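> Would you mind keeping the following structure in view while I ask a few things?
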Amino acid sequence: MASVVELSGITKRFPGVVANDRISLAIAPGEIHALVGENGAGKSTLMKILYGLYQPDEGSIAIRGRQIDLDSPRTAIGLGIGMVHQHFMLIPRFTVAENVILGSEPARAGRLDLARARRRVVELVDQYGLAVDPDAEVSVLSVGEQQRVEIIKVLYRGAEVLILDEPTAVLTPQEVDDLFANLRRLRGEGKTIVFISHILEEVLAIADRITVLRAGHTVGTLRAAEATKAQIAEMMVGRPVLMELPVADVTPGEVQLQVEDAVVMGGRGRPAVRGVSFAVRSGEIYGIAGVEGNGQAELVEALVGLRPLASGHLRVAAQDVTGAGVRGIRLLGVAHIPEDRHRRGLVLPMEVWENLILGHHARAEFGRGAFLDRASIARFAEDRVSRFDVRTPSLRTPVLALSGGNQQKVVVAREFGFTPRVLVAAQPTRGLDIGATEFVRRQILEARAEGMAVLLVSAMLDEILSLADRVGVIHAGRIVAEFARGTSSPREIGLYMTGTRRAETPA
Amino acid sequence: MSAGLRLSLLQVFTPLLAILFAALVAAGIILAIGESPLQVYAIMARFSLTRIDSLAVIFLRATPLIFAGLAVALAFRANVWNIGVEGQYYVGAFAAAWVGFSVTGLPAVIHLPLAVLAGMAAGALWAFVPIVLKLRRGAHEVITTIMMNHIAGAVVLYLLADVFRDPTQIGTPRVRTPLFPDSARVPLLGPMLRWIGVDIPAHSALNWFLVLGVVVCAVAAYVLARSRFGYEVRAVALNPSAAEAAGISLDRIRFIMFTTSGAVAGLVGLSDILGFFGYFDIDFPKGLGFVGISVALLARNNPLGIIPAALLFGFLERGAQGVQVFAGVPREVITILQAVIILTIVVAYELLTRYVRVQRKREAERALGGPAVAIATADGG
Amino acid sequence: MDLLISLVNVALLASAVRLTVPILLTALGAVYTERGGVFNIGLEGTMIMGTFFGAAVTHVVTQALPAPAVPALAPVAGMLAAMAAGVLFSLIHAVMSVTFRVDQLISGVALNLLAVGLARFLNILFFGVATQSPSIRGFAPLSVPVMRDIPALAPVATGISPMIPVALALVALGHWVLVRTVFGLRLRSVGENPHAADTLGVNVVLLRYIGVLISGAMAGLAGGYLAIEQGRGYLEGMTQGRGFIALAAMIFGNWWPVGALGASALFGYFDALSLRVVHTGVPYQFITVLPHIATILVLAGFVRRATPPAADGIPYTKEEG
């Protein structure tokens with residue numbers, strides 16, 4: 001069987017980093033080929049090379065047997081290669097049809113032919129069963145619909161090879177099923193699919209063959225039918241992985257965080273959180289599961305004081321802190337691991353010691369009057385860095401020079417700094433490699449064991465199910481169901497996440 | 001040479017290289033009008049640097065630029081733009097003049113500080129309007145401050161011509177306020193300098209505002225580097241979202257820095273008003289606020305860097321006089337040189353910032369033995 | 001009542017239309033550059049370059065031509081020179097902000113400083129003085145056939161600069177280009193999400209350059225109009241901050257050409273008002289800054305409703321090292 005795509009000896013270096021190191025990969029026509037590996041293994045870089053976004057420093061690329069110089073996405077598109085990016089590359093203020101045609105517009109002498117564009121979109125929708133309205137503005141579409149727009153974009157350009165970068169990361173289990181059905185239909189129409197993922201169940205469910213990458217190298221290629229989860233996992237990390245963390249027995253104590261009928265406004269002046277109530281006790285992890293964009297981000301911001309409550313009440317350790325603001329809530333012992341550490345959690349150009357006191361900088365022990373006491377801060381920072389194993393050349397290194405995992409350790413080390421009573425952790429392991437993920441999860445379990453009340457918001461259902469004592473499912477700004485540990489399955493929670501099912505009396 | 005030392009040297013050489021490049025561009029312009037650049041630059045250097053009266057003028061010209069540069073830099077440090085220093089110093093100078101001529105009978109120790117405070121208050125007031133409109137209404141401060149500059153000109157002109165014009169001057173073409181008593185005039189540096197053996201000419205108006213400017217820059221540098229407030233300012237400038245999540249009020253920081261910027265801008269014209277003219281007239285020098293933007297950019301908003309940057313611009317202005325008188329080259333060549341310095345300097349600093357960033361990353365990787373740690377960022381994840 | 005009459009009389013409206021043109025042309029230019037994602041606060045300086053080159057070239061061509069030659073030739077040459085000067089000047093901004101990715105506001109501010117010095121320098125070189133050019137003649141004015149005979153309407157129906165219909169045509173053209181053409185769609189995509197556009201093979205850098213250069217051409221033309229049609233010569237400072245007012249007009253017009261037209265007309269009206277002696281008891285100095293006060297009020301009162309392009313003012317970096 002001749003390969004449709006053949007990458008040989010691909011090497012790509014970034015300043016100080018070898019992202020791909022002599023990687024070779026052959027994709028057969030009409031197959032679904034999964035590319036798996038940890039975050040940072042080099043999957044995305046490799047696929048960006050195949051799509052012409054990056055140029056390799058060494059190695060060659062052959063498409064249908066011909067050596068090709070892939071110097072831009074335009075060239076790749078011309079060769080029938082299309083990419084569905086992990087972070088959707090859509091323009092929210094454009095319609096579906098406008099998004100689809102951008103860059104390859106049907107036109108007469110520079111004049112757009114929007115009618116023809118619409119017709120083409122409708123044809124593709126019908127041919128592949130990718131239901132979406134061509135005239136809708138993309139900003140109003142659901143995540144699953146947006147992904148379909150991305151796939152239509154690729155098909156519109158005549159792609160024979162579709163690259164999907166972590167396509168399931170943002171989907172509900174039901175949406176994943178839809179996606180897989182669509183992918184199988186595409187394969188049936190003769191398309192070739194490269195599927196990037198680190199979720200092994202999915203890979204085994206959809207792929208024909210699986211190639212494993214580790215630290216920029218190819219580890220090997222397997223037939224999916226003959227592979228096992230444990231085998232792939234070991235290839236990914238180079239050692240047997242501990243999948244389940246031990247959860248200690250802890251008896252929950254007093255209620256530390258209580259939310260009553262919280263209503264929080266979203267971006268467009270419409271409520272994003274519509275009357276949410278729950279309580280978290282010390283020694284307990286309350287997980288919030290849900291498809292992203294159902295009010296989690298707004299809820300978290302309200303809990304830490306970044307967003308006002310439109311109505312309802314917020315109590316920390318029995319004190320009413322409704323409207324108290326970030327500083328007031330923080331002073332009561334609420335720690336916050338933000339969803340986006342680069343945006344909310346760290347000041348990247350500032351040095352490690354400076355980031356370790358962010359939010360604590362007004363504490364008496366860090367200064368004399370109006371001025372900072374650098375010696376006392378240095379002592380604190382050294383203690384944090386060693387206790388949380390932050391790998392940094394020095395305290396004076398800017399945080400932007402650290403790896404993603406170490407950056408997150410800086411955030412965790414800081415937030416655990418002054419024995420908080422409540423921890424609000426939003427997507428705490430997003431974008432981390434397996435090692436760092438395990439570290440952060442252990443820290444959260446340890447916090448629970450020490451009597452902290454933890455609110456865990458995560459888009460990764462397995463993370464919630466393995467850590468949380470109770471799970472609240474959020475849909476359209478409401479908690480639509482609540483389960484105690486071990487009383488529900490991912491599939492059942494998925495039905496609530498999508499609003500397919502509703503509990504009669506949400507707790 | 002250690003990596004740290006190399007980076008520090010680069011920080012110093014970058015502006016010098018940019019200035020050199022700008023000088024080359026200006027040399028091209030001088031060549032184009034048929035003069036010899038070498039000769040022009042030689043005249044400039046000789047005229048400005050070998051005469052004690054020229055040096056006094058350079059320091060005198062640099063005095064308002066120190067305040068103007070610092071004013072712009074303070075706002076920049078909090079990521080807000082004060083293009084309104086121009087208008088703020090204009091109303092500030094007029095307010096100081098008003099206290100100067102309208103209040104009489106006070107001793108100098110009260111009258112002079114009062115005039116200075118009036119200048120600062122007026123400057124702060126003129127900055128208050130755009131910053132409040134920005135924080136409360138979202139009006140972009142770049143445009144509103146420029147509009148406030150125009151309005152400042154109109155308000156001062158009205159007060160000067162229609163309300164406070166010196167009655168003894170009516171019927172003459174001079175439009176100016178009455179003279180101040182000596183109690184509102186700032187002492188000159190001449191006597192002290194001559195006492196320590198620096199023989200500046202008796203007519204030099206070099207005064208204690210120069211010293212004040214240096215002190216204010218030093219205080220600003222210390223507060224920004226070492227205080228909790230300065231820490232908050234840095235966090236707000238470098239990542240407002242994270243600062244907010246840490247409980248720092250963005251509005252508070254921006255408001256304080258912007259009105260402080262306005263207050264410092266209120267000092268810009270005072271060296272001339274209280275140290276030289278002794279009255280405010282319709283020809284009071286304009287444009288210092290815009291030069292202040294150049295000074296701040298050259299100094300990279302570092303308060304201590306403001307002083308050499310202001311001296312450089314003082315030198316260029318003095319040199320422009322020499323070039324015009326002795327080489328017959330329009331002084332505007334020097335204005336162009338200043339603008340080109342700014343264009344090249346911002347490109348140079350941008351490239352330097354990127355270079356330093358990459359170097360720091362490499363350094364971190366070397367120290368930790370191997371590049372594996374940073375792949376995640378390169379991978380987009 | 002007298003006040004009301006003086007606020008709406010026909011001569012004032014005619015003057016308002018004339019003064020709308022320079023703000024409108026620059027605001028239209030600003031729509032292109034900001035739709036492509038680049039702030040250009042240097043448009044004020046670009047207008048200054050337009051005023052100088054417009055006047056200088058009109059003067060030179062007038063001198064060079066034999067007297068009975070086509071009377072429109074000199075002002076046409078002047079307008080084209082003003083546009084060319086605007087394009088070249090904004091090229092500096094494009095290089096600084098698109099290629100070197102420096103802060104776009106800093107680059108624009110530096111250009112404004114440069115323009116003032118450069119205009120003075122060139123004026124000395126050409127005309128021996130720093131601040132003004134010899135006086136020049138503009139286009140022969142147009143008039144509307146029937147209306148010009150009605151005395152009450154004569155002020156608006158006669159003495160019409162041909163640039164006025166040109167400016168209006170450019171509004172319609174701008175709307176059509178942005179909405180109906182491939183270039184317009186791509187330019188807007190680059191201002192909304194340059195990464196997405198890039199992955200689809202749209203040339204982000206090229207489009208941003210074109211957006212900036214169009215804004216330069218339009219602001220240059222606006223400057224040419226001020227010098228040739230409005231001022232009959234170059235005079236230092238004749239732009240009076242209109243480049244900045246035009247930015248406010250573009251924002252108020254919600255980044256669309258037709259909106260910019262409405263907002264520019266508002267500012268043009270205040271501009272016209274500021275040039276008249278209106279007997280209101282308010283000192284004339286305050287009347288002269290009416291456009292500036294109006295600009296502040298508009299920005300403070302209405303901008304919350306506007307939505308700028310999502311990537312406006314953000315430099316585009318292809319690879320994050």
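Residue numbering restarts at 1 in every chain; chains get A, B, ... in the order shown in the structure tokens, and ligands count up from 1 in that same order.
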Could you list, as a PDB file with N, CA and C atoms, in the first residue's frame, every residue within 8 Å of Ile66 of chain B, counting only C-alpha atoms and ignoring same-chain residues fewer than 3 positions away?

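Once written, selection_2.pdb looks like this:
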```
ATOM      1  N   ALA B  62      17.429  71.160  29.363  1.00  0.00           N
ATOM      2  CA  ALA B  62      17.086  69.806  29.812  1.00  0.00           C
ATOM      3  C   ALA B  62      16.133  69.829  30.998  1.00  0.00           C
ATOM      4  N   THR B  63      16.152  70.931  31.771  1.00  0.00           N
ATOM      5  CA  THR B  63      15.344  70.959  33.002  1.00  0.00           C
ATOM      6  C   THR B  63      13.856  70.685  32.733  1.00  0.00           C
ATOM      7  N   GLY B  69       9.603  64.374  30.335  1.00  0.00           N
ATOM      8  CA  GLY B  69       9.898  62.969  30.081  1.00  0.00           C
ATOM      9  C   GLY B  69       9.381  62.098  31.213  1.00  0.00           C
ATOM     10  N   LEU B  70       9.603  62.555  32.449  1.00  0.00           N
ATOM     11  CA  LEU B  70       9.149  61.764  33.598  1.00  0.00           C
ATOM     12  C   LEU B  70       7.623  61.678  33.611  1.00  0.00           C
ATOM     13  N   GLY B 213      14.326  68.345  39.564  1.00  0.00           N
ATOM     14  CA  GLY B 213      14.049  67.331  38.547  1.00  0.00           C
ATOM     15  C   GLY B 213      14.818  66.046  38.813  1.00  0.00           C
ATOM     16  N   VAL B 214      16.098  66.198  39.129  1.00  0.00           N
ATOM     17  CA  VAL B 214      16.912  65.014  39.403  1.00  0.00           C
ATOM     18  C   VAL B 214      16.383  64.283  40.631  1.00  0.00           C
ATOM     19  N   VAL B 268       6.636  71.239  34.366  1.00  0.00           N
ATOM     20  CA  VAL B 268       7.484  71.386  33.175  1.00  0.00           C
ATOM     21  C   VAL B 268       7.830  72.845  32.884  1.00  0.00           C
ATOM     22  N   GLY B 292       8.827  65.597  25.451  1.00  0.00           N
ATOM     23  CA  GLY B 292       8.805  64.703  26.605  1.00  0.00           C
ATOM     24  C   GLY B 292       8.494  63.265  26.209  1.00  0.00           C
ATOM     25  N   VAL B 295      11.688  61.867  24.996  1.00  0.00           N
ATOM     26  CA  VAL B 295      12.616  61.624  26.108  1.00  0.00           C
ATOM     27  C   VAL B 295      12.229  60.321  26.824  1.00  0.00           C
ATOM     28  N   ILE B 306      15.704  58.979  32.323  1.00  0.00           N
ATOM     29  CA  ILE B 306      15.135  60.254  31.854  1.00  0.00           C
ATOM     30  C   ILE B 306      16.207  61.342  31.852  1.00  0.00           C
ATOM     31  N   ILE B 307      17.098  61.322  32.851  1.00  0.00           N
ATOM     32  CA  ILE B 307      18.047  62.437  33.002  1.00  0.00           C
ATOM     33  C   ILE B 307      19.023  62.498  31.820  1.00  0.00           C
ATOM     34  N   ALA B 310      17.079  63.474  28.673  1.00  0.00           N
ATOM     35  CA  ALA B 310      16.731  64.903  28.607  1.00  0.00           C
ATOM     36  C   ALA B 310      17.964  65.724  28.258  1.00  0.00           C
TER      37      ALA B 310
END
```
> What residues in segment 108-333 of chain B get the DSSP label alpha helix (DSSP H)? Please answer as an NGL selection string.
:B and (108-137 or 141-158 or 190-195 or 209-226 or 228-238 or 240-245 or 250-265 or 270-272 or 288-298 or 303-322 or 332-333)
> Determine, counting only C-alpha atoms, which protein, DNA and RNA residues have an atom within 10 Å of an atom of Ser97 of chain C; residues of the same chain fewer than 2 positions away are not included. Present the result as a PyMOL selection string.
(chain B and resi 347) or (chain C and resi 38-40+91-95+99-108+208-209+212+313-316)
> Take the residues from that selection and put them in a file with N, CA and C atoms, as a PDB file, in the first residue's frame.

```pdb
ATOM      1  N   VAL B 347      12.376  50.557  17.471  1.00  0.00           N
ATOM      2  CA  VAL B 347      12.658  49.296  16.782  1.00  0.00           C
ATOM      3  C   VAL B 347      13.781  48.564  17.505  1.00  0.00           C
TER       4      VAL B 347
ATOM      5  N   VAL C  38      -4.575  47.471  12.372  1.00  0.00           N
ATOM      6  CA  VAL C  38      -3.450  48.340  12.745  1.00  0.00           C
ATOM      7  C   VAL C  38      -3.986  49.717  13.140  1.00  0.00           C
ATOM      8  N   PHE C  39      -3.690  50.156  14.374  1.00  0.00           N
ATOM      9  CA  PHE C  39      -3.958  51.542  14.769  1.00  0.00           C
ATOM     10  C   PHE C  39      -3.047  52.440  13.969  1.00  0.00           C
ATOM     11  N   ASN C  40      -3.553  53.571  13.553  1.00  0.00           N
ATOM     12  CA  ASN C  40      -2.642  54.529  12.933  1.00  0.00           C
ATOM     13  C   ASN C  40      -2.918  55.912  13.482  1.00  0.00           C
ATOM     14  N   LEU C  91       4.086  54.334   4.925  1.00  0.00           N
ATOM     15  CA  LEU C  91       4.922  53.142   4.752  1.00  0.00           C
ATOM     16  C   LEU C  91       5.855  52.976   5.957  1.00  0.00           C
ATOM     17  N   ILE C  92       6.323  54.110   6.487  1.00  0.00           N
ATOM     18  CA  ILE C  92       7.169  54.029   7.685  1.00  0.00           C
ATOM     19  C   ILE C  92       6.388  53.347   8.809  1.00  0.00           C
ATOM     20  N   HIS C  93       5.128  53.758   8.952  1.00  0.00           N
ATOM     21  CA  HIS C  93       4.311  53.171  10.013  1.00  0.00           C
ATOM     22  C   HIS C  93       4.116  51.673   9.777  1.00  0.00           C
ATOM     23  N   ALA C  94       3.899  51.307   8.525  1.00  0.00           N
ATOM     24  CA  ALA C  94       3.688  49.889   8.214  1.00  0.00           C
ATOM     25  C   ALA C  94       4.941  49.084   8.549  1.00  0.00           C
ATOM     26  N   VAL C  95       6.102  49.612   8.164  1.00  0.00           N
ATOM     27  CA  VAL C  95       7.342  48.891   8.457  1.00  0.00           C
ATOM     28  C   VAL C  95       7.526  48.754   9.964  1.00  0.00           C
ATOM     29  N   THR C  99       6.076  45.020  10.279  1.00  0.00           N
ATOM     30  CA  THR C  99       7.284  44.216  10.138  1.00  0.00           C
ATOM     31  C   THR C  99       8.036  44.102  11.465  1.00  0.00           C
ATOM     32  N   PHE C 100       8.274  45.258  12.118  1.00  0.00           N
ATOM     33  CA  PHE C 100       9.035  45.198  13.372  1.00  0.00           C
ATOM     34  C   PHE C 100       8.146  45.005  14.591  1.00  0.00           C
ATOM     35  N   ARG C 101       6.839  45.137  14.412  1.00  0.00           N
ATOM     36  CA  ARG C 101       5.873  44.878  15.479  1.00  0.00           C
ATOM     37  C   ARG C 101       6.119  45.720  16.719  1.00  0.00           C
ATOM     38  N   VAL C 102       6.532  46.989  16.525  1.00  0.00           N
ATOM     39  CA  VAL C 102       6.655  47.856  17.691  1.00  0.00           C
ATOM     40  C   VAL C 102       5.250  48.313  18.070  1.00  0.00           C
ATOM     41  N   ASP C 103       5.128  48.861  19.250  1.00  0.00           N
ATOM     42  CA  ASP C 103       3.837  49.377  19.700  1.00  0.00           C
ATOM     43  C   ASP C 103       3.308  50.355  18.664  1.00  0.00           C
ATOM     44  N   GLN C 104       2.078  50.094  18.198  1.00  0.00           N
ATOM     45  CA  GLN C 104       1.543  50.896  17.095  1.00  0.00           C
ATOM     46  C   GLN C 104       1.273  52.334  17.502  1.00  0.00           C
ATOM     47  N   LEU C 105       0.942  52.546  18.756  1.00  0.00           N
ATOM     48  CA  LEU C 105       0.718  53.921  19.204  1.00  0.00           C
ATOM     49  C   LEU C 105       2.036  54.687  19.211  1.00  0.00           C
ATOM     50  N   ILE C 106       3.092  54.048  19.690  1.00  0.00           N
ATOM     51  CA  ILE C 106       4.400  54.720  19.732  1.00  0.00           C
ATOM     52  C   ILE C 106       4.832  55.099  18.320  1.00  0.00           C
ATOM     53  N   SER C 107       4.712  54.161  17.416  1.00  0.00           N
ATOM     54  CA  SER C 107       5.116  54.434  16.042  1.00  0.00           C
ATOM     55  C   SER C 107       4.337  55.624  15.487  1.00  0.00           C
ATOM     56  N   GLY C 108       3.039  55.640  15.725  1.00  0.00           N
ATOM     57  CA  GLY C 108       2.217  56.734  15.214  1.00  0.00           C
ATOM     58  C   GLY C 108       2.589  58.070  15.824  1.00  0.00           C
ATOM     59  N   ARG C 208      -2.114  43.848   5.806  1.00  0.00           N
ATOM     60  CA  ARG C 208      -1.969  44.919   6.794  1.00  0.00           C
ATOM     61  C   ARG C 208      -1.197  46.090   6.178  1.00  0.00           C
ATOM     62  N   TYR C 209      -0.196  45.775   5.377  1.00  0.00           N
ATOM     63  CA  TYR C 209       0.508  46.854   4.674  1.00  0.00           C
ATOM     64  C   TYR C 209      -0.471  47.636   3.810  1.00  0.00           C
ATOM     65  N   VAL C 212      -2.722  49.906   5.839  1.00  0.00           N
ATOM     66  CA  VAL C 212      -2.019  51.094   6.338  1.00  0.00           C
ATOM     67  C   VAL C 212      -1.762  52.074   5.193  1.00  0.00           C
ATOM     68  N   GLY C 313      -4.955  46.691  16.608  1.00  0.00           N
ATOM     69  CA  GLY C 313      -3.852  47.211  17.412  1.00  0.00           C
ATOM     70  C   GLY C 313      -2.906  46.160  17.942  1.00  0.00           C
ATOM     71  N   ILE C 314      -3.183  44.888  17.639  1.00  0.00           N
ATOM     72  CA  ILE C 314      -2.323  43.822  18.164  1.00  0.00           C
ATOM     73  C   ILE C 314      -1.367  43.355  17.070  1.00  0.00           C
ATOM     74  N   PRO C 315      -0.072  43.492  17.297  1.00  0.00           N
ATOM     75  CA  PRO C 315       0.875  43.038  16.274  1.00  0.00           C
ATOM     76  C   PRO C 315       0.709  41.540  16.044  1.00  0.00           C
ATOM     77  N   TYR C 316       0.917  41.105  14.798  1.00  0.00           N
ATOM     78  CA  TYR C 316       0.772  39.694  14.499  1.00  0.00           C
ATOM     79  C   TYR C 316       2.137  39.011  14.462  1.00  0.00           C
TER      80      TYR C 316
END
```
> Please identify all residues of chain C having at least one atom at most 8 Å from any atom of chain B, considering only C-alpha atoms, and return them as JSON, numbers by chain.
{"C": [96, 100, 101, 102, 106, 107, 110, 111, 113, 114, 117, 118, 120, 121, 124, 241, 244, 245, 247, 248, 283, 285, 286, 288, 289, 292, 293, 295, 296, 299, 300, 301, 303, 304, 320, 321]}
> With 7 Å as the cut-off and only C-alpha atoms counted, what is the closest atom pair between each nearby residue of chain A and chain B? Distances in Å to one decimal, ordered by chain and number, as CSV.

```
residue,atom,partner,partner_atom,distance
A:Phe14,CA,B:Ala378,CA,6.9
A:Pro15,CA,B:Val358,CA,6.8
A:Gly16,CA,B:Arg362,CA,5.4
A:Val17,CA,B:Pro371,CA,5.0
A:Ala19,CA,B:Ile375,CA,6.0
A:Asn39,CA,B:Ala376,CA,6.2
A:Gly40,CA,B:Ala376,CA,4.2
A:Gly42,CA,B:Asp379,CA,6.4
A:Ser44,CA,B:Asp379,CA,6.0
A:Thr45,CA,B:Asp379,CA,5.7
A:Ala215,CA,B:Ala372,CA,7.0
A:Leu306,CA,B:Ala245,CA,6.6
A:Val326,CA,B:Gly247,CA,4.7
A:Arg327,CA,B:Gly247,CA,4.5
A:Arg343,CA,B:Ala242,CA,6.0
A:Arg344,CA,B:Ala242,CA,3.9
A:Gly345,CA,B:Ala242,CA,5.3
A:Leu346,CA,B:Ala242,CA,5.9
A:Val347,CA,B:Asn239,CA,5.4
A:Pro349,CA,B:Leu238,CA,7.0
A:Leu358,CA,B:Ala246,CA,6.0
A:Gly359,CA,B:Ala246,CA,4.2
A:His361,CA,B:Arg228,CA,6.8
A:Ala362,CA,B:Arg228,CA,6.9
A:Ala370,CA,B:Ser227,CA,5.6
A:Phe371,CA,B:Ser227,CA,3.9
A:Leu372,CA,B:Ser227,CA,5.4
A:Thr392,CA,B:Ala364,CA,6.6
A:Pro393,CA,B:Ala367,CA,5.4
A:Ala401,CA,B:Lys361,CA,4.3
A:Leu402,CA,B:Ala374,CA,6.8
A:Ser403,CA,B:Ala374,CA,4.5
A:Gly404,CA,B:Ala376,CA,6.3
A:Gly431,CA,B:Gly381,CA,5.3
```
> Determine which residues of chain C sit within 9 Å of chain A, taking into account only C-alpha atoms, and present them as a list in words.
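Result: Val177, Val179, Arg180, Thr181, Val182, Phe183, Leu185, Arg186, Ser189, Glu192, Asn193, His195, Ala196, Ala197, Asp198, Thr199, Leu200, Gly201, Val202, Lys318, Glu319 and Gly321 of chain C.
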> Keeping only N, CA and C atoms, write the selected residues as an mmCIF file, in the first residue's frame.

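Done, and the output landed in part.cif:
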```cif
data_model
loop_
_atom_site.group_PDB
_atom_site.id
_atom_site.type_symbol
_atom_site.label_atom_id
_atom_site.label_comp_id
_atom_site.auth_asym_id
_atom_site.auth_seq_id
_atom_site.Cartn_x
_atom_site.Cartn_y
_atom_site.Cartn_z
ATOM 1 N N VAL C 177 -16.236 47.874 -1.121
ATOM 2 C CA VAL C 177 -14.972 47.128 -1.054
ATOM 3 C C VAL C 177 -14.946 46.229 0.176
ATOM 4 N N VAL C 179 -17.419 45.045 2.012
ATOM 5 C CA VAL C 179 -18.461 44.029 2.146
ATOM 6 C C VAL C 179 -18.475 43.047 0.975
ATOM 7 N N ARG C 180 -18.214 43.554 -0.220
ATOM 8 C CA ARG C 180 -18.485 42.771 -1.415
ATOM 9 C C ARG C 180 -17.268 42.218 -2.135
ATOM 10 N N THR C 181 -16.082 42.594 -1.726
ATOM 11 C CA THR C 181 -14.930 42.127 -2.494
ATOM 12 C C THR C 181 -14.100 41.129 -1.692
ATOM 13 N N VAL C 182 -13.326 40.363 -2.427
ATOM 14 C CA VAL C 182 -12.412 39.407 -1.808
ATOM 15 C C VAL C 182 -11.426 40.157 -0.925
ATOM 16 N N PHE C 183 -10.896 41.271 -1.448
ATOM 17 C CA PHE C 183 -9.953 42.060 -0.659
ATOM 18 C C PHE C 183 -10.578 42.493 0.669
ATOM 19 N N LEU C 185 -13.113 41.185 2.395
ATOM 20 C CA LEU C 185 -13.320 40.058 3.304
ATOM 21 C C LEU C 185 -11.995 39.672 3.967
ATOM 22 N N ARG C 186 -10.944 39.613 3.156
ATOM 23 C CA ARG C 186 -9.652 39.205 3.709
ATOM 24 C C ARG C 186 -9.092 40.260 4.648
ATOM 25 N N SER C 189 -10.811 39.909 7.843
ATOM 26 C CA SER C 189 -10.421 38.687 8.548
ATOM 27 C C SER C 189 -9.089 38.892 9.264
ATOM 28 N N GLU C 192 -9.700 40.722 12.410
ATOM 29 C CA GLU C 192 -10.458 39.994 13.417
ATOM 30 C C GLU C 192 -9.652 38.854 14.011
ATOM 31 N N ASN C 193 -9.010 38.073 13.165
ATOM 32 C CA ASN C 193 -8.281 36.898 13.646
ATOM 33 C C ASN C 193 -7.165 36.556 12.656
ATOM 34 N N HIS C 195 -4.465 34.911 12.937
ATOM 35 C CA HIS C 195 -3.978 33.522 12.944
ATOM 36 C C HIS C 195 -4.851 32.653 12.051
ATOM 37 N N ALA C 196 -6.163 32.847 12.188
ATOM 38 C CA ALA C 196 -7.078 32.068 11.354
ATOM 39 C C ALA C 196 -6.834 32.385 9.886
ATOM 40 N N ALA C 197 -6.723 33.669 9.577
ATOM 41 C CA ALA C 197 -6.508 34.060 8.189
ATOM 42 C C ALA C 197 -5.216 33.435 7.664
ATOM 43 N N ASP C 198 -4.193 33.470 8.495
ATOM 44 C CA ASP C 198 -2.899 32.932 8.083
ATOM 45 C C ASP C 198 -2.997 31.448 7.752
ATOM 46 N N THR C 199 -3.713 30.685 8.587
ATOM 47 C CA THR C 199 -3.807 29.247 8.333
ATOM 48 C C THR C 199 -4.551 28.966 7.039
ATOM 49 N N LEU C 200 -5.338 29.930 6.553
ATOM 50 C CA LEU C 200 -6.060 29.716 5.303
ATOM 51 C C LEU C 200 -5.291 30.278 4.122
ATOM 52 N N GLY C 201 -4.047 30.648 4.359
ATOM 53 C CA GLY C 201 -3.226 31.105 3.257
ATOM 54 C C GLY C 201 -3.427 32.578 2.921
ATOM 55 N N VAL C 202 -4.134 33.318 3.771
ATOM 56 C CA VAL C 202 -4.267 34.758 3.550
ATOM 57 C C VAL C 202 -2.966 35.431 4.005
ATOM 58 N N LYS C 318 3.906 35.397 13.852
ATOM 59 C CA LYS C 318 3.588 34.099 13.281
ATOM 60 C C LYS C 318 3.995 32.965 14.210
ATOM 61 N N GLU C 319 5.239 32.968 14.653
ATOM 62 C CA GLU C 319 5.699 31.895 15.528
ATOM 63 C C GLU C 319 6.039 32.457 16.886
ATOM 64 N N GLY C 321 8.125 32.118 19.767
ATOM 65 C CA GLY C 321 9.365 31.379 20.111
ATOM 66 C C GLY C 321 9.289 30.947 21.520
#
```
> Taking only C-alpha atoms into account, which of A:Glu175, A:Glu226, A:Glu284, A:Asp383 comes nearest Val471 of chain A?
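Under the stated criterion, the closest residue is A:Glu284.
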> I want to know what sits within 6 Å of segment 130-147 of chain C, based on only C-alpha atoms, with residues of the same chain fewer than 4 positions away left out; could you give that as a list in words?
His59, Ala72, Pro75, Arg120, Asn123, Ile124, Ala157, Thr158, Gly159, Ile160, Ser161, Ile228, Glu229, Arg232, Gly233, Tyr234, Leu235 and Glu236 of chain C
> Quick one: pull the distance between atom CA of Val219 of chain A and atom CA of Ala181 of chain A, Å, one decimal.
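These two atoms are separated by 29.0 Å.
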> What's the 12 Å shell around Gly499 of chain A, counting only C-alpha atoms, without same-chain residues fewer than 3 positions away, as an NGL selection string?
:A and (172 or 174 or 290-291 or 294 or 473-481 or 492-496 or 502-503)
